[in-house]
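structure07.txt (compact mmCIF, C-alpha atoms) appears below.
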# COMPACT_ATOMS: atom_id res chain seq x y z
CA MET A 1 87.16 134.88 128.63
CA LEU A 2 89.15 136.15 125.66
CA LEU A 3 88.44 134.34 122.39
CA TYR A 4 91.07 134.93 119.77
CA ARG A 5 89.64 135.08 116.24
CA SER A 6 91.88 135.19 113.20
CA ASP A 7 92.91 133.39 110.04
CA GLU A 8 96.36 131.77 109.74
CA PHE A 9 98.06 135.18 109.49
CA TYR A 10 101.35 133.74 110.80
CA ASN A 11 101.85 131.94 107.50
CA ARG A 12 102.27 135.35 105.86
CA LEU A 13 104.93 136.65 108.26
CA SER A 14 108.68 136.65 107.67
CA HIS A 15 110.95 134.72 110.01
CA GLN A 16 112.01 137.99 111.62
CA GLU A 17 108.40 139.06 112.20
CA LEU A 18 107.50 135.65 113.64
CA GLN A 19 110.44 135.76 116.03
CA THR A 20 109.55 139.29 117.15
CA LEU A 21 105.90 138.35 117.68
CA MET A 22 106.90 135.24 119.62
CA ASN A 23 109.16 137.28 121.92
CA GLU A 24 106.44 139.89 122.43
CA ASN A 25 103.90 137.16 123.16
CA ASN A 26 106.14 135.49 125.72
CA ALA A 27 106.89 138.78 127.49
CA TRP A 28 103.18 139.65 127.46
CA ILE A 29 102.00 136.38 128.98
CA GLU A 30 104.85 136.42 131.54
CA ARG A 31 103.84 139.91 132.67
CA LEU A 32 100.15 138.98 133.02
CA THR A 33 101.03 135.76 134.82
CA ALA A 34 103.28 137.65 137.27
CA GLN A 35 100.38 140.03 137.91
CA GLY A 36 98.10 137.05 138.61
CA LYS A 37 95.68 138.12 135.92
CA VAL A 38 95.58 135.03 133.74
CA LYS A 39 94.59 131.44 134.16
CA PRO A 40 96.07 129.08 131.60
CA GLY A 41 94.97 129.68 128.03
CA ARG A 42 95.45 127.39 125.06
CA ALA A 43 95.73 127.53 121.32
CA LEU A 44 93.31 125.40 119.32
CA GLU A 45 94.25 123.41 116.25
CA ARG A 46 92.96 124.65 112.93
CA ARG A 47 90.74 121.67 112.37
CA GLY A 48 87.85 120.00 114.10
CA ALA A 49 84.23 119.00 113.68
CA ILE A 50 80.81 120.59 113.98
CA VAL A 51 78.05 118.45 115.53
CA THR A 52 74.46 119.47 114.70
CA GLY A 53 70.99 118.02 114.29
CA LYS A 54 68.39 116.75 116.70
CA ASN A 55 70.33 113.72 117.78
CA GLY A 56 73.75 115.05 116.97
CA ARG A 57 73.82 112.82 113.92
CA VAL A 58 75.30 115.37 111.57
CA VAL A 59 79.06 115.64 111.93
CA THR A 60 80.84 117.92 109.46
CA ASP A 61 84.41 119.13 109.18
CA GLY A 62 85.19 122.58 110.38
CA PRO A 63 86.02 125.28 111.16
CA PHE A 64 87.65 126.64 108.05
CA ALA A 65 91.20 127.66 108.72
CA GLU A 66 91.14 130.55 106.26
CA SER A 67 88.19 132.19 108.00
CA LYS A 68 88.98 135.44 109.80
CA GLU A 69 86.26 134.54 112.30
CA ALA A 70 87.67 131.13 113.23
CA ILE A 71 88.67 130.81 116.87
CA GLY A 72 92.39 130.17 117.21
CA GLY A 73 92.64 130.07 120.97
CA PHE A 74 91.33 131.26 124.29
CA LEU A 75 92.59 132.84 127.47
CA LEU A 76 90.80 133.02 130.80
CA VAL A 77 91.60 136.30 132.55
CA ASP A 78 91.06 136.70 136.27
CA VAL A 79 89.95 140.34 136.56
CA GLU A 80 86.99 142.08 138.15
CA THR A 81 85.67 144.27 135.35
CA LEU A 82 84.97 144.12 131.63
CA ASP A 83 87.16 147.23 131.19
CA GLU A 84 90.17 145.43 132.66
CA ALA A 85 89.55 142.45 130.40
CA ILE A 86 89.29 144.79 127.38
CA ALA A 87 92.55 146.51 128.35
CA ILE A 88 94.28 143.11 128.41
CA ALA A 89 92.74 142.21 125.03
CA GLN A 90 94.07 145.48 123.61
CA SER A 91 97.59 144.59 124.70
CA ILE A 92 97.68 141.33 122.72
CA PRO A 93 100.77 141.57 120.44
CA GLY A 94 99.22 139.58 117.56
CA LEU A 95 96.48 142.17 117.01
CA ALA A 96 98.96 144.21 114.96
CA TYR A 97 98.66 141.52 112.27
CA GLY A 98 94.87 141.42 112.13
CA GLY A 99 92.29 139.24 113.79
CA SER A 100 90.05 140.23 116.65
CA ILE A 101 89.52 139.37 120.30
CA GLU A 102 86.07 138.57 121.62
CA VAL A 103 85.84 139.54 125.31
CA ARG A 104 83.08 137.68 127.18
CA PRO A 105 82.16 137.66 130.88
CA ILE A 106 81.85 134.19 132.38
CA ALA A 107 78.23 133.81 133.53
CA GLU A 108 77.47 133.31 137.23
CA GLU A 109 74.92 130.73 136.23
CA CYS A 110 73.54 129.32 133.04
CA PRO A 111 71.36 131.89 131.18
CA LEU A 112 68.79 129.10 130.73
CA ASP A 113 68.30 129.03 134.51
CA VAL A 114 67.90 132.79 134.69
CA ARG A 115 65.37 132.86 131.86
CA ALA A 116 63.39 129.94 133.31
CA ARG A 117 63.19 131.73 136.65
CA GLU A 118 62.06 134.99 135.04
CA LEU A 119 59.29 133.21 133.15
CA ALA A 120 58.18 131.27 136.24
CA ALA A 121 58.00 134.52 138.23
CA LYS A 122 55.96 136.13 135.48
CA GLU A 123 53.50 133.23 135.41
CA GLN A 124 53.15 133.34 139.15
CA LEU A 125 52.33 137.06 138.97
CA ALA A 126 49.75 136.37 136.30
CA THR A 127 47.99 133.78 138.45
CA VAL A 128 47.83 136.02 141.55
CA MET B 1 88.66 111.30 112.00
CA ASN B 2 90.24 109.36 114.85
CA THR B 3 93.28 111.47 115.60
CA GLN B 4 94.87 111.05 119.02
CA ASN B 5 95.50 114.22 120.97
CA GLN B 6 96.95 114.25 124.47
CA ASN B 7 96.15 117.94 124.91
CA GLY B 8 92.43 117.35 125.01
CA TYR B 9 89.52 118.91 123.17
CA MET B 10 87.33 121.94 123.48
CA LEU B 11 83.58 121.95 122.86
CA LEU B 12 82.19 125.36 121.84
CA PHE B 13 78.40 125.63 122.11
CA ARG B 14 77.09 127.87 119.34
CA GLY B 15 73.69 129.51 119.13
CA ASN B 16 72.10 132.13 121.37
CA ASP B 17 68.51 132.47 120.23
CA TRP B 18 67.30 128.87 120.53
CA ILE B 19 65.99 129.21 124.12
CA LYS B 20 63.46 131.89 123.20
CA GLY B 21 60.76 129.59 121.86
CA LEU B 22 60.81 127.21 124.84
CA SER B 23 58.25 127.01 127.66
CA PRO B 24 59.52 127.43 131.25
CA GLU B 25 59.16 123.65 131.74
CA GLU B 26 61.22 122.91 128.65
CA LYS B 27 63.87 125.42 129.73
CA GLN B 28 64.05 123.85 133.17
CA LYS B 29 64.31 120.39 131.60
CA VAL B 30 67.17 121.34 129.28
CA THR B 31 69.01 123.15 132.11
CA ASP B 32 68.71 120.11 134.39
CA GLN B 33 69.86 117.80 131.59
CA TRP B 34 72.80 120.06 130.79
CA MET B 35 73.92 120.30 134.44
CA ALA B 36 73.56 116.52 134.92
CA TRP B 37 75.54 115.93 131.71
CA PHE B 38 78.40 118.19 132.86
CA LYS B 39 78.40 116.62 136.35
CA ARG B 40 78.58 113.10 134.89
CA LEU B 41 81.45 114.07 132.57
CA THR B 42 83.26 115.72 135.50
CA ASP B 43 82.74 112.66 137.72
CA GLU B 44 84.09 110.46 134.92
CA GLY B 45 87.15 112.73 134.68
CA LYS B 46 86.28 113.60 131.09
CA ALA B 47 85.41 117.27 131.59
CA VAL B 48 88.07 119.41 133.26
CA ALA B 49 86.42 122.84 132.89
CA GLY B 50 83.31 124.43 131.52
CA ASN B 51 81.41 127.68 131.77
CA PRO B 52 78.42 129.44 130.31
CA LEU B 53 79.26 132.89 128.90
CA GLU B 54 77.18 136.03 129.33
CA ARG B 55 75.32 137.13 126.21
CA GLU B 56 76.99 140.52 126.13
CA GLY B 57 80.61 141.26 125.39
CA LYS B 58 83.05 143.35 123.36
CA ILE B 59 85.19 142.84 120.29
CA VAL B 60 88.71 144.30 120.17
CA SER B 61 90.24 144.43 116.71
CA GLY B 62 92.72 146.00 114.35
CA LYS B 63 96.06 147.75 114.63
CA ASN B 64 94.37 150.58 116.51
CA ARG B 65 92.75 148.14 118.92
CA VAL B 66 89.23 149.47 118.41
CA VAL B 67 86.57 148.29 120.89
CA SER B 68 83.07 147.55 119.58
CA ASP B 69 79.93 145.89 120.95
CA GLY B 70 79.33 142.23 120.36
CA PRO B 71 78.71 139.40 120.02
CA PHE B 72 75.25 139.69 118.56
CA ALA B 73 72.71 138.03 120.82
CA GLU B 74 70.59 136.83 117.89
CA SER B 75 73.40 135.10 116.09
CA LYS B 76 73.17 131.37 115.45
CA GLU B 77 76.98 131.35 115.46
CA ALA B 78 77.48 133.18 118.76
CA ILE B 79 79.23 131.13 121.42
CA GLY B 80 77.17 130.52 124.55
CA GLY B 81 79.60 128.43 126.53
CA TYR B 82 82.33 125.82 126.44
CA PHE B 83 83.62 122.55 127.92
CA LEU B 84 87.26 121.50 128.07
CA LEU B 85 87.54 117.73 127.70
CA ASP B 86 90.30 115.40 128.79
CA VAL B 87 89.74 112.66 126.22
CA ALA B 88 92.31 111.17 123.88
CA SER B 89 90.60 111.04 120.50
CA MET B 90 88.46 113.13 118.21
CA ASP B 91 85.93 110.26 118.12
CA ASP B 92 85.56 110.38 121.93
CA ALA B 93 85.10 114.15 121.84
CA VAL B 94 82.53 113.97 119.02
CA ALA B 95 80.64 111.20 120.87
CA ILE B 96 80.37 113.51 123.91
CA ALA B 97 79.32 116.44 121.71
CA GLN B 98 76.55 114.23 120.33
CA GLU B 99 75.10 113.94 123.86
CA CYS B 100 74.57 117.71 124.17
CA PRO B 101 71.00 118.34 125.44
CA GLY B 102 70.75 121.54 123.38
CA LEU B 103 71.11 119.75 120.01
CA PRO B 104 67.36 119.06 119.56
CA TYR B 105 66.77 122.81 119.94
CA GLY B 106 69.30 123.88 117.32
CA VAL B 107 72.52 124.27 119.30
CA ARG B 108 75.65 123.53 117.21
CA VAL B 109 78.70 122.08 118.93
CA GLU B 110 82.15 122.87 117.55
CA VAL B 111 84.74 120.24 118.52
CA ARG B 112 88.37 121.44 118.44
CA PRO B 113 91.64 119.73 119.40
CA VAL B 114 93.67 121.80 121.87
CA ALA B 115 97.08 122.57 120.34
CA ALA B 116 100.33 121.57 122.05
CA GLU B 117 101.71 125.07 121.55
CA CYS B 118 101.00 128.43 119.99
CA PRO B 119 100.92 128.17 116.15
CA VAL B 120 103.46 131.00 115.91
CA ALA B 121 105.95 128.82 117.80
CA SER B 122 105.13 125.81 115.56
CA GLU B 123 105.67 127.92 112.46
CA LEU B 124 109.08 129.07 113.75
CA LYS B 125 110.09 125.45 114.43
CA ARG B 126 109.00 124.37 110.95
CA GLU B 127 111.08 127.15 109.44
CA ALA B 128 114.09 126.20 111.56
CA GLU B 129 113.84 122.55 110.45
CA PHE B 130 113.53 123.58 106.82
CA ALA B 131 116.56 125.87 107.12
CA SER B 132 118.73 123.13 108.64
CA VAL B 133 118.07 120.62 105.82
Exercise: express the given structure as structure tokens:
Amino acid sequence: MLLYRSDEFYNRLSHQELQTLMNENNAWIERLTAQGKVKPGRALERRGAIVTGKNGRVVTDGPFAESKEAIGGFLLVDVETLDEAIAIAQSIPGLAYGGSIEVRPIAEECPLDVRARELAAKEQLATV
Amino acid sequence: MNTQNQNGYMLLFRGNDWIKGLSPEEKQKVTDQWMAWFKRLTDEGKAVAGNPLEREGKIVSGKNRVVSDGPFAESKEAIGGYFLLDVASMDDAVAIAQECPGLPYGVRVEVRPVAAECPVASELKREAEFASV
């Protein structure tokens, strides 16, 4: 999964720059789609809520649009290796204007399951 | 905040280090709760996708497209997984986020409306409208 982190850099671009970026973006996604490497990705709106607290009672506004770390969108890429996913992330046209791409492997199973199994195995060993 | 959004919502589960202090029984319990929660939402047609993410990964950034290690496994802000929801309002999405079994253990859930289009395209449209006035 590619997570796109940036502030609202597009507000600082000229019309010409925006148009160029848009064209580059469209060509980029068309190429990856033709190669069968992407599943649909989406942009996220620059607003939302954060739910925290034991019973989820605390609801605050967020994330902050000006933050460079805020997630602006995601793309699921259908490739076999982390290197291939990184290569795709490096070809994202918008990177020229700042921001960063977080590249994360989708887990086979929930890490909670894995950890619970490891601990159970360890306990079993201890009791033998 | 009861905005309608036909594009759905995304829940981002933040926090990576909260599982460390739990006993195997507690871990199993939370896992079972989480799986049952996702299955119920899927059966109800409210969740359309969801995945846990591996704790490792890379960050690509800058004009020179530099690759560095990340995210940091200890981080309270690191994203551990996501759900995509097919619900119409922010209130519905927040209500689902409030059911997250990880909340008692310190997980934070970020609720974000999915945008109809890329913000670069929206910005171009806004400029075009402004220019034609």
Using all atoms listed in the file, determine which residues of chain B fall within 6 Å of chain A; present them as a PyMOL selection string. chain B and resi 24+27+52-54+57-63+65+98+103-104+108-115+118
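Note that the spacing between CA of Ser67 (chain A) and CA of Pro119 (chain B) amounts to 15.6 Å.
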If you count all atoms listed in the file, which residues fall within 6 Å of Gly15 (chain B), apart from same-chain ones fewer than 2 positions away, as a list in words? Lys76, Glu77, Ala78 and Val107 of chain B
Just to confirm, what's the straight-line distance from CA of Glu26 (chain B) to CA of Ala47 (chain B) in Å (one decimal)? 25.0 Å
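One finds CA of Arg55 (chain B) at 8.6 Å from CA of Ile79 (chain B).
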Which of these residues is nearest to Leu84 (chain B), using all atoms listed in the file: B:Asn5, B:Asn51, B:Gln33, B:Ser132? B:Asn51
Shell of 9 Å around Val79 (chain A), only C-alpha atoms, local chain residues under 5 positions omitted, as a list in words: Lys37, Val38, Glu84 and Ala85 of chain A
